[in-house]
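*Asks:* File work21.txt follows (compact mmCIF, C-alpha atoms (C1' of nucleotides)):
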# COMPACT_ATOMS: atom_id res chain seq x y z
CA MET A 1 0.00 0.00 0.00
CA ILE A 2 1.28 3.44 -0.94
CA ILE A 3 0.17 6.59 0.85
CA SER A 4 1.34 9.98 -0.32
CA ALA A 5 1.06 13.75 -0.14
CA TRP A 6 1.49 16.48 -2.75
CA ASN A 7 1.14 20.24 -2.64
CA VAL A 8 -0.18 20.83 -6.16
CA ASN A 9 -0.28 24.65 -6.05
CA SER A 10 -3.68 24.91 -7.76
CA LEU A 11 -5.50 21.72 -8.69
CA ASN A 12 -7.16 23.64 -11.51
CA VAL A 13 -3.78 24.10 -13.19
CA ARG A 14 -2.27 20.79 -12.06
CA LEU A 15 -5.12 18.34 -12.79
CA PRO A 16 -3.54 16.93 -15.98
CA ARG A 17 -0.26 16.35 -14.18
CA LEU A 18 -2.06 14.83 -11.20
CA LEU A 19 -3.89 12.37 -13.45
CA ASP A 20 -0.61 11.42 -15.14
CA TRP A 21 1.06 10.93 -11.80
CA LEU A 22 -1.80 8.80 -10.41
CA ALA A 23 -1.53 6.52 -13.44
CA THR A 24 2.24 6.19 -13.04
CA ALA A 25 2.77 6.09 -9.28
CA ARG A 26 -0.55 4.34 -8.53
CA PRO A 27 -0.78 5.49 -4.90
CA ASP A 28 -3.61 4.10 -2.76
CA VAL A 29 -4.06 7.37 -0.87
CA VAL A 30 -3.08 10.93 -1.84
CA CYS A 31 -3.37 13.95 0.42
CA LEU A 32 -3.43 17.14 -1.65
CA GLN A 33 -2.61 20.64 -0.45
CA GLU A 34 -3.25 24.05 -2.02
CA THR A 35 -6.07 22.88 -4.26
CA LYS A 36 -7.31 26.51 -4.30
CA LEU A 37 -10.75 25.30 -5.40
CA GLU A 38 -14.20 25.90 -4.00
CA ASP A 39 -15.95 22.60 -3.37
CA HIS A 40 -18.39 22.89 -6.27
CA LYS A 41 -15.42 23.13 -8.65
CA PHE A 42 -13.59 20.02 -7.42
CA PRO A 43 -12.91 17.64 -10.36
CA VAL A 44 -14.77 14.69 -8.86
CA ALA A 45 -15.67 13.08 -12.20
CA ASP A 46 -12.14 13.17 -13.64
CA LEU A 47 -10.76 11.56 -10.49
CA ALA A 48 -13.51 8.93 -10.45
CA THR A 49 -12.58 8.01 -14.02
CA ALA A 50 -8.99 7.70 -12.84
CA GLY A 51 -10.15 5.29 -10.14
CA TYR A 52 -10.20 7.55 -7.09
CA ALA A 53 -12.86 8.72 -4.66
CA ALA A 54 -12.34 12.32 -3.56
CA HIS A 55 -12.95 13.98 -0.21
CA TYR A 56 -12.15 17.65 -0.05
CA ILE A 57 -12.62 21.05 1.51
CA GLY A 58 -11.49 24.19 -0.23
CA GLN A 59 -11.80 27.89 -0.84
CA LYS A 60 -10.95 30.41 -3.51
CA THR A 61 -7.34 31.46 -4.15
CA TYR A 62 -5.70 30.00 -1.05
CA ASN A 63 -5.37 26.72 0.84
CA GLY A 64 -7.71 23.80 0.19
CA VAL A 65 -6.99 20.16 1.02
CA ALA A 66 -8.22 16.79 -0.23
CA ILE A 67 -7.85 13.06 0.29
CA LEU A 68 -8.03 10.82 -2.78
CA VAL A 69 -8.57 7.11 -2.23
CA ARG A 70 -8.43 4.31 -4.76
CA HIS A 71 -11.84 2.77 -5.25
CA THR A 72 -10.62 -0.56 -3.89
CA HIS A 73 -10.42 0.87 -0.33
CA ASP A 74 -13.20 1.80 2.04
CA VAL A 75 -13.32 5.30 3.55
CA ARG A 76 -14.88 6.17 6.89
CA ASP A 77 -15.15 9.06 9.34
CA VAL A 78 -14.15 11.98 7.12
CA ALA A 79 -13.52 15.09 9.21
CA PHE A 80 -12.42 18.66 8.53
CA GLY A 81 -10.35 21.20 10.42
CA ILE A 82 -8.82 21.16 13.89
CA PRO A 83 -11.35 20.70 16.73
CA GLY A 84 -11.53 23.81 18.88
CA LEU A 85 -9.60 25.99 16.43
CA GLU A 86 -11.67 28.70 14.85
CA ASP A 87 -10.06 28.97 11.42
CA PRO A 88 -11.67 29.99 8.14
CA GLN A 89 -8.63 28.67 6.25
CA LYS A 90 -9.17 25.17 4.85
CA ARG A 91 -6.02 23.32 5.91
CA VAL A 92 -6.93 19.96 7.49
CA ILE A 93 -8.85 16.89 6.32
CA ALA A 94 -8.94 13.46 7.92
CA ALA A 95 -10.34 10.06 6.99
CA THR A 96 -9.96 6.43 7.99
CA VAL A 97 -8.87 4.35 5.00
CA ALA A 98 -8.44 0.59 5.23
CA GLY A 99 -8.15 0.94 9.00
CA ILE A 100 -5.49 3.67 8.84
CA ARG A 101 -6.29 7.13 10.17
CA ILE A 102 -5.09 9.56 7.49
CA ILE A 103 -4.67 13.22 8.44
CA GLY A 104 -3.78 15.59 5.60
CA VAL A 105 -2.38 18.96 6.65
CA TYR A 106 -1.37 22.21 5.03
CA VAL A 107 0.53 24.04 7.77
CA PRO A 108 0.55 27.85 7.48
CA ASN A 109 3.64 29.33 5.86
CA GLY A 110 4.16 32.12 8.38
CA GLN A 111 5.48 34.54 5.75
CA ALA A 112 8.20 36.12 7.95
CA LEU A 113 9.25 36.07 11.58
CA ASP A 114 7.85 39.59 12.14
CA SER A 115 4.58 38.93 10.33
CA ASP A 116 1.21 38.44 12.04
CA LYS A 117 1.10 35.16 10.17
CA TYR A 118 4.02 33.80 12.17
CA PRO A 119 2.27 33.62 15.59
CA TYR A 120 -0.76 32.23 13.74
CA LYS A 121 1.47 29.45 12.41
CA LEU A 122 2.82 28.64 15.88
CA ALA A 123 -0.64 28.66 17.46
CA TRP A 124 -1.92 26.50 14.61
CA LEU A 125 0.83 23.92 15.16
CA LYS A 126 0.05 23.86 18.87
CA ALA A 127 -3.62 23.19 18.13
CA LEU A 128 -2.61 20.46 15.68
CA ALA A 129 -0.51 18.81 18.40
CA ALA A 130 -3.53 18.70 20.71
CA MET A 131 -5.67 17.20 17.93
CA LEU A 132 -3.07 14.57 17.14
CA GLN A 133 -2.80 13.50 20.76
CA VAL A 134 -6.52 12.67 20.72
CA GLU A 135 -6.35 11.02 17.29
CA LEU A 136 -3.34 8.90 18.29
CA ALA A 137 -5.13 7.62 21.36
CA ALA A 138 -8.08 6.57 19.20
CA HIS A 139 -6.16 5.25 16.18
CA PRO A 140 -2.94 3.27 16.71
CA GLN A 141 -2.43 3.16 12.94
CA LEU A 142 -2.12 6.83 12.05
CA ALA A 143 -0.32 8.93 9.45
CA VAL A 144 -0.05 12.72 9.22
CA LEU A 145 0.86 13.80 5.71
CA GLY A 146 1.31 17.06 3.92
CA ASP A 147 3.07 20.36 3.59
CA PHE A 148 4.41 21.15 7.08
CA ASN A 149 6.17 24.35 6.00
CA VAL A 150 8.98 23.45 8.39
CA ALA A 151 12.32 21.93 7.41
CA PRO A 152 13.01 19.65 10.38
CA GLU A 153 16.80 19.89 10.41
CA ASP A 154 19.63 21.75 8.72
CA ARG A 155 20.27 18.73 6.51
CA ASP A 156 16.82 19.40 5.05
CA VAL A 157 17.97 22.83 3.83
CA HIS A 158 20.20 23.40 0.79
CA ASP A 159 22.05 26.31 2.41
CA PRO A 160 21.29 26.54 6.14
CA ALA A 161 23.36 29.70 6.63
CA ALA A 162 21.37 31.54 3.97
CA TRP A 163 18.09 30.58 5.65
CA VAL A 164 18.91 31.73 9.19
CA GLY A 165 16.25 34.15 10.40
CA GLN A 166 13.62 33.03 7.91
CA VAL A 167 10.40 31.09 8.23
CA LEU A 168 10.45 27.34 7.60
CA VAL A 169 13.65 26.89 9.62
CA SER A 170 13.28 29.09 12.73
CA PRO A 171 13.84 27.38 16.11
CA PRO A 172 10.26 27.97 17.40
CA GLU A 173 8.81 26.29 14.29
CA ARG A 174 11.17 23.37 14.63
CA ALA A 175 10.29 23.08 18.31
CA ALA A 176 6.58 23.03 17.41
CA LEU A 177 7.25 20.21 14.94
CA GLN A 178 9.32 18.40 17.57
CA VAL A 179 6.26 18.37 19.85
CA LEU A 180 4.53 16.22 17.24
CA LEU A 181 7.51 13.88 17.08
CA ASP A 182 7.71 13.71 20.89
CA ALA A 183 4.05 12.62 20.90
CA GLY A 184 5.23 9.43 19.20
CA LEU A 185 5.20 10.29 15.51
CA THR A 186 8.18 9.49 13.30
CA ASP A 187 9.42 11.35 10.24
CA SER A 188 9.18 8.38 7.87
CA PHE A 189 11.86 9.77 5.55
CA ARG A 190 14.50 9.24 8.25
CA LEU A 191 13.57 5.62 8.87
CA PHE A 192 15.84 4.83 5.93
CA ASP A 193 19.21 5.84 4.57
CA GLN A 194 18.62 8.69 2.13
CA PRO A 195 20.83 10.50 -0.35
CA PRO A 196 22.05 13.84 1.00
CA ASN A 197 20.37 16.97 -0.37
CA THR A 198 17.00 15.35 -0.96
CA PHE A 199 14.30 18.02 -0.94
CA SER A 200 10.56 18.32 -1.63
CA TRP A 201 10.22 22.02 -2.56
CA TRP A 202 12.22 24.31 -4.84
CA ASP A 203 11.57 27.99 -5.49
CA TYR A 204 10.32 28.71 -9.00
CA ARG A 205 12.89 31.49 -9.25
CA MET A 206 16.63 31.65 -9.74
CA LEU A 207 16.95 28.20 -11.29
CA ALA A 208 16.50 26.72 -7.83
CA PHE A 209 15.38 23.31 -9.10
CA PRO A 210 18.19 22.67 -11.61
CA LYS A 211 20.64 23.83 -8.95
CA ASN A 212 18.86 21.64 -6.37
CA ARG A 213 18.51 24.59 -4.01
CA GLY A 214 15.51 23.24 -2.11
CA LEU A 215 14.01 22.40 1.25
CA ARG A 216 12.40 19.26 2.62
CA ILE A 217 9.17 20.59 4.09
CA ASP A 218 6.68 17.95 2.90
CA LEU A 219 6.57 15.14 5.41
CA ILE A 220 4.84 11.88 6.27
CA LEU A 221 4.72 11.28 10.00
CA LEU A 222 3.81 7.78 11.18
CA SER A 223 2.58 6.36 14.47
CA PRO A 224 4.68 3.52 15.96
CA ALA A 225 2.33 0.80 14.66
CA LEU A 226 2.44 2.25 11.15
CA ALA A 227 6.18 2.92 11.23
CA ALA A 228 6.59 -0.80 11.90
CA ARG A 229 4.81 -1.47 8.60
CA CYS A 230 6.82 1.06 6.59
CA THR A 231 9.18 -0.45 4.04
CA GLY A 232 10.19 2.72 2.18
CA SER A 233 9.89 6.51 2.12
CA ARG A 234 10.70 8.60 -0.93
CA ILE A 235 10.24 11.86 -2.79
CA ASP A 236 9.19 11.73 -6.43
CA ARG A 237 11.60 14.41 -7.64
CA ASN A 238 10.87 13.82 -11.34
CA VAL A 239 7.42 15.33 -10.86
CA ARG A 240 9.08 18.74 -10.34
CA LYS A 241 10.44 18.60 -13.92
CA GLY A 242 8.82 19.57 -17.20
CA GLU A 243 6.08 21.99 -18.20
CA LYS A 244 4.00 23.72 -15.53
CA PRO A 245 5.23 21.79 -12.49
CA SER A 246 4.10 22.46 -8.96
CA ASP A 247 6.93 23.89 -6.89
CA HIS A 248 6.54 20.83 -4.63
CA ALA A 249 7.25 17.18 -5.42
CA PRO A 250 5.08 14.36 -4.01
CA VAL A 251 6.23 12.40 -0.97
CA LEU A 252 5.32 8.72 -0.55
CA VAL A 253 5.64 5.81 1.83
CA ASP A 254 5.24 2.09 1.19
CA LEU A 255 3.39 0.09 3.84
CA ARG A 256 3.30 -3.68 4.11
CA GLU A 257 0.03 -5.41 4.92
CA PRO A 258 -0.59 -5.69 8.67
C1' DA B 1 22.56 44.51 -3.57
C1' DT B 2 16.36 41.25 -1.99
C1' DG B 3 16.63 40.62 -7.85
C1' DG B 4 13.24 36.33 -9.77
C1' DC B 5 8.61 32.75 -10.77
C1' DA B 6 3.73 31.15 -10.53
C1' DA B 7 -1.23 31.48 -9.53
C1' DT B 8 -5.25 34.13 -8.47
C1' DG B 9 -8.72 37.78 -8.20
C1' DT B 10 -9.23 42.59 -6.70
C1' DT B 11 -6.59 41.84 -13.30
C1' DT B 12 -2.60 45.02 -16.77
C1' DC B 13 -1.38 45.40 -10.58
C1' DA B 14 -1.41 43.52 -5.61
C1' DT B 15 -1.04 39.65 -2.83
C1' DT B 16 0.72 35.32 -1.42
C1' DG B 17 3.56 31.60 -1.49
C1' DA B 18 8.19 29.35 0.52
Once more with this new file: its structure as structure tokens, please.

*Replies:*
Amino acid sequence: MIISAWNVNSLNVRLPRLLDWLATARPDVVCLQETKLEDHKFPVADLATAGYAAHYIGQKTYNGVAILVRHTHDVRDVAFGIPGLEDPQKRVIAATVAGIRIIGVYVPNGQALDSDKYPYKLAWLKALAAMLQVELAAHPQLAVLGDFNVAPEDRDVHDPAAWVGQVLVSPPERAALQVLLDAGLTDSFRLFDQPPNTFSWWDYRMLAFPKNRGLRIDLILLSPALAARCTGSRIDRNVRKGEKPSDHAPVLVDLREP
DNA sequence: ATGGCAATGTTTCATTGA
């Protein structure tokens, strides 16, 4: 079983590439971020033809998340948002798929350390931690997937010195991510030996992708029971190539049957 | 030295992203 996450940066623009990727990678579950689509515009029929059921919550211009599930799997208990967090931004969707609790997240960017959006990001991550504590207690088999907008460590940053003082790498953000890890979740990417300088996002500007000047900010966190089933964790870097790519590449994990 | 690229709606610019 393959579960995955991809920030598509507009599903309207990226639908053809998403359909290509689904046919090639054949994931069982995909969490999408930045769909930027109101619900009545979600391409349900195209995805059904491709073999996927879609669950989604979106808005115009910004944010928007979805969970796509291959028709061979059952889906239960779809939920939206973070309980107790009043937030008009559509950033969280959850569902139980084949007995696995899937939580797709699009963590706020934060914009800059002196922006109002930065404390919002930190408060948001704190609320997510509280939600995950409850979800973990209820679902031993749990995965949190998506765009975390935090590079966990300096080895996840192409040039750590150049990023000092910026969002995505600041110590408070990393500490907020560490709270999730301390709750028992594992960054699946680090369960395995990985090539150095493996990233999931590259700026559109300044030839960042051909120069591999990127960050690893798209993560799949696994509960202990699910980490025990994980046989691989990878980033599909090729998806960042070619015409009209998203600035993010998909991240995937392979899970053996329980 | 703060450039540049992409997407969107408020559209021929401003805002946001990361």

*Asks:* How far is it from CA of Asn197 in chain A to CA of Trp6 in chain A, in Å with one decimal?

*Replies:*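 Computing it gives 19.0 Å between the two atoms.
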
*Asks:* May I have a table of the residues of chain A lying at most 6 Å from chain B, giving each one's closest pair of atoms and their distance in Å to one decimal, counting only C-alpha atoms (C1' of nucleotides), ordered by chain and ascending residue number, as a tab-separated table?

*Replies:*
residue	atom	partner	partner_atom	distance
A:Thr61	CA	B:DT8	C1'	5.5
A:Tyr204	CA	B:DC5	C1'	4.7
A:Arg205	CA	B:DC5	C1'	4.7
A:Met206	CA	B:DG4	C1'	5.8

*Asks:* What's around Ala66 in chain A at 9 Å? Count only C-alpha atoms (C1' of nucleotides), leave out sequence neighbours fewer than 6 positions away in its own chain, and write the answer as a list in words.

*Replies:*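 The neighbour list is Val30, Cys31, Leu32, Gln33, Glu34, Thr35, Ala54, His55, Tyr56, Ile57, Gly58, Val92, Ile93, Ala94 and Gly104 of chain A.
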
*Asks:* If we count all atoms listed in the file, what is near range 113-130 of chain A at a cut-off of 7 Å, once residues fewer than 3 positions away on the same chain are taken out, given as a list in words?

*Replies:* Ile82, Leu85, Pro108, Asn109, Gly110, Gln133, Val134, Gln166, Val167, Glu173, Ala176, Val179 and Leu180 of chain A

*Asks:* Just give me the gap between CA of Gly99 in chain A and CA of Asp87 in chain A in Å, one decimal is fine.

*Replies:*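 Going from CA of Gly99 in chain A over to CA of Asp87 in chain A covers 28.2 Å.
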
*Asks:* When you draw a straight line from CA of Ala175 in chain A to CA of Val150 in chain A, how long is it in Å?

*Replies:*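 Pair CA of Ala175 in chain A / CA of Val150 in chain A returns 10.0 Å.
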
*Asks:* Select, from A:Ala138, A:Val69, A:Leu219, A:Ile100, the residue with the minimum atom-to-atom distance to Ala48 in chain A, counting only C-alpha atoms.

*Replies:* A:Val69

*Asks:* Closest to Gln89 in chain A among A:Asp193, A:Glu38, A:Asp182, A:Glu243, using all atoms listed in the file?

*Replies:*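 Once distances to Gln89 in chain A are computed over all atoms listed in the file, the minimum belongs to A:Glu38.
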
*Asks:* I'd like the box whose edges run along x, y and z of the file and which contains every listed atom of range 103-121 of chain A, padded by 3 Å per side; could you state its centre and edge lengths in Å, one decimal, as JSON?

*Replies:*
{"center_x": 2.3, "center_y": 26.4, "center_z": 10.3, "size_x": 19.9, "size_y": 32.4, "size_z": 16.6}

*Asks:* With all atoms listed in the file as the counted atoms, please give the residues lying no more than 6 Å from range 249-254 of chain A, apart from itself and same-chain residues fewer than 3 positions off, as a PyMOL selection string.

*Replies:* chain A and resi 1-6+200+230-237+239-240

*Asks:* For Asp203 in chain A, please output as a PyMOL selection string all residues within 9 Å (counting all atoms listed in the file; exclusion window: fewer than 3 positions along the same chain).

*Replies:* (chain A and resi 206-209+213-214+247-248) or (chain B and resi 5+18)

*Asks:* Tell me, as JSON, numbers by chain, which residues lie within 9 Å of Ile217 in chain A, counting only C-alpha atoms (C1' of nucleotides); anything in the same chain fewer than 6 positions away does not count.

*Replies:* {"A": [146, 147, 148, 149, 150, 151, 152, 156, 168, 199, 200, 201]}

*Asks:* Compare A:His158, A:Pro196, A:Asn63, A:Ser246 by their minimum atom-to-atom distance to Asn212 in chain A, counting only C-alpha atoms, and give me the closest one.

*Replies:*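 With only C-alpha atoms as the atom set, the closest residue is A:His158.
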
*Asks:* Tell me which of A:Leu37, A:Ala25, A:Val157, A:Leu142 sits closest to Asn12 in chain A, counting only C-alpha atoms.

*Replies:*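 For Asn12 in chain A, the nearest of the given residues is A:Leu37.
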